[in-house]
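Here is the structure we will look at, set down as structure tokens.
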Amino acid sequence: MSLEIFKQMESEVRSYCRKYPTVFQYAKNAKLIDENGKEYIDFLAVAGSMNYGHNNPFIKNEIMKYLEKDTIINSLDMYTIAKRDFFETFKNKILAPRKLNYKVMCCGPTGTNAVEAALKLCRKNKKRNNIIAFSGAFHGMTLGSLALTTDRTSRGGSGVPLSNVTFAPYDGTLDSLEYLRWILEDDHSGIEKPAAIFLETVQAEGGINVASKEWLQEIRKICDENDILMVCDDIQVGNGRTGYFFSFERAHIVPDMVVLSKSISGFGMPMALLLMKENLDIFKPAEHNGTFRGNQLAFVGGEAAIRFFVEKKIDDVVKYNEKIIGDFLNQEIEKIDDRIAIRGIGMIWGIDFGKIDAGIALECVHKAFDKQLILEVAGRKDAVLKIMPPLTIEEDVLRQGLTILKNVIKDVMGGKNE
Ligand SMILES: Cc1ncc(COP(=O)(O)O)c(C=O)c1O
């Protein structure tokens, strides 16, 4: 197997491939298979874009049927049957049962595009520049989204000042709510009133920081009391990841806008949506535009994925798996060293080595790859091992992956393998 052409041709910016140095060829549910036939258990799920498993047969079948005929593949924002079917299913099976009346803006094609659209629309609605985001946030790599993103390496790549954003501590850091209220209420705080507060209910790239229901409810209240929009970035932890289709459902709140991408298309096709309350839908035609807003295979896959989610009760599946993962981490991993911190919800979990040595996490990623398990790091100093398998992972594969994980951690920490 040669990696030479990648090293010769592909930009130095490449990153994941450095952690998983093999050439992948096939994938099935929670397994990736390289060109030598070696199987890897996938605890990354393409950063949350394969929630329903690789090559999910239910979704794939719909895409194959669609492709057989000479149907529309790409369409700007023209009306198509695939888009109509997606809208109808999304409305009837996801929005209506949750009493959500969002309008949908098709942004193109990746998560950061929807974040950019949300930023513009919030500023346009409120005629204010400033936005509040949180320490530990990740919202994307284009300049607007990057201005909301906190990690220094990503920000360092911008080349221009990242502005018009004020950061506040996230839930669990300092007194987040007190600070927010002070910013807004003290007429000498020196901080401009924001158009919106952008948040993730679980900071994924930030190290699997799970906001409490109470904190989310207070943020909603602060937004209402101060005429500020609340925007939930559900790009990574939406689509069932936390045990609910939308991650904010557990707090019984309704954000003014929601951004969705990654698993919304069901099959790994690029797709990004901005959901907004109807009164906020004030863009003029073409005021925010883009060529790739009409990925029909994403609409077809996304429509099938919603039916799959509902019919297979994926929210219940996630809650079942949440217990398996949570119990395993709390009972088997935490006891390896009491300085290890475990955090998580649904099927996104983190193992934080920050109190011991941040470098342990990356070492585990490399060792896990040798043992055919795909893992990623997240958080401050990359100290957190992130566990995020497809929601559809088979129970025995999940348990097998967790056992490999335990042995890898013990190995790296100098413990004895069982
Ligand atoms: C919460 C969140 N927002 C936005 C993005 C950006 O999405 P994309 O990489 O598709 O632009 C990501 C990507 O990981 C994300 O996790």
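Labeling convention for the structure tokens: chains A, B, ... as they appear, residues from 1 per chain, ligands from 1 in order of appearance.
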
Notebook entry, point to check: Do you know which residues are within 9 Å of ligand 1 using only C-alpha atoms and all ligand atoms? Can you write them as a VMD selection string?
Noted result: chain A and resid 47 to 49 109 to 115 137 to 142 145 149 199 to 200 202 to 205 233 to 237 259 to 262 270 to 272

Note to self: as a ChimeraX atom specification, please: the residues near Trp349 of chain A (cut-off 10 Å, only C-alpha atoms, same-chain neighbours under 5 positions excluded).
What the structure shows: /A:204,207-210,242,322,325-326,329,342-344,384-389

Check: atom CA of Ala133 of chain A and atom CA of Thr166 of chain A, how far apart in Å?
Finding: 6.3 Å

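For the residues A:Lys213, A:Lys277, A:Lys406, A:Lys323, ranking by smallest atom-to-atom distance to Met230 of chain A using only C-alpha atoms places A:Lys277 first.
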
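One distance worth recording is that between atom CA of Leu76 of chain A and atom CA of Ala286 of chain A, which is 11.1 Å.
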
Excluding same-chain residues fewer than 5 positions from segment 393-400 of chain A, what lies within 8 Å of it counting only C-alpha atoms, as a PDB file with all heavy atoms, in the first residue's frame?
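Final output, saved to result15.pdb:
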```pdb
ATOM      1  N   ASN A  29     -21.779   0.130   7.893  1.00  0.00           N
ATOM      2  CA  ASN A  29     -22.284   0.546   9.203  1.00  0.00           C
ATOM      3  C   ASN A  29     -21.168   1.160  10.064  1.00  0.00           C
ATOM      4  O   ASN A  29     -20.752   2.276   9.781  1.00  0.00           O
ATOM      5  CB  ASN A  29     -23.017  -0.591   9.906  1.00  0.00           C
ATOM      6  CG  ASN A  29     -23.924  -0.039  10.999  1.00  0.00           C
ATOM      7  OD1 ASN A  29     -24.235   1.147  10.999  1.00  0.00           O
ATOM      8  ND2 ASN A  29     -24.337  -0.870  11.926  1.00  0.00           N
ATOM      9  N   ALA A  30     -20.642   0.453  11.059  1.00  0.00           N
ATOM     10  CA  ALA A  30     -19.623   1.065  11.915  1.00  0.00           C
ATOM     11  C   ALA A  30     -18.236   0.514  11.638  1.00  0.00           C
ATOM     12  O   ALA A  30     -17.351   0.573  12.494  1.00  0.00           O
ATOM     13  CB  ALA A  30     -19.993   0.857  13.380  1.00  0.00           C
ATOM     14  N   ILE A  41     -12.979  -0.454  13.487  1.00  0.00           N
ATOM     15  CA  ILE A  41     -14.226  -0.015  14.121  1.00  0.00           C
ATOM     16  C   ILE A  41     -14.210   1.509  14.153  1.00  0.00           C
ATOM     17  O   ILE A  41     -13.220   2.119  14.571  1.00  0.00           O
ATOM     18  CB  ILE A  41     -14.360  -0.602  15.544  1.00  0.00           C
ATOM     19  CG1 ILE A  41     -14.450  -2.130  15.456  1.00  0.00           C
ATOM     20  CG2 ILE A  41     -15.579  -0.009  16.258  1.00  0.00           C
ATOM     21  CD1 ILE A  41     -14.494  -2.825  16.802  1.00  0.00           C
ATOM     22  N   GLY A  53     -24.922   5.210   9.925  1.00  0.00           N
ATOM     23  CA  GLY A  53     -24.039   4.137   9.498  1.00  0.00           C
ATOM     24  C   GLY A  53     -23.577   4.317   8.054  1.00  0.00           C
ATOM     25  O   GLY A  53     -24.262   4.926   7.235  1.00  0.00           O
ATOM     26  N   ASN A 321     -27.944   2.784  23.812  1.00  0.00           N
ATOM     27  CA  ASN A 321     -26.483   2.760  23.685  1.00  0.00           C
ATOM     28  C   ASN A 321     -25.799   3.732  24.649  1.00  0.00           C
ATOM     29  O   ASN A 321     -24.663   3.513  25.066  1.00  0.00           O
ATOM     30  CB  ASN A 321     -26.071   3.089  22.246  1.00  0.00           C
ATOM     31  CG  ASN A 321     -26.352   1.936  21.302  1.00  0.00           C
ATOM     32  OD1 ASN A 321     -26.392   0.787  21.727  1.00  0.00           O
ATOM     33  ND2 ASN A 321     -26.562   2.231  20.034  1.00  0.00           N
TER      34      ASN A 321
END
```
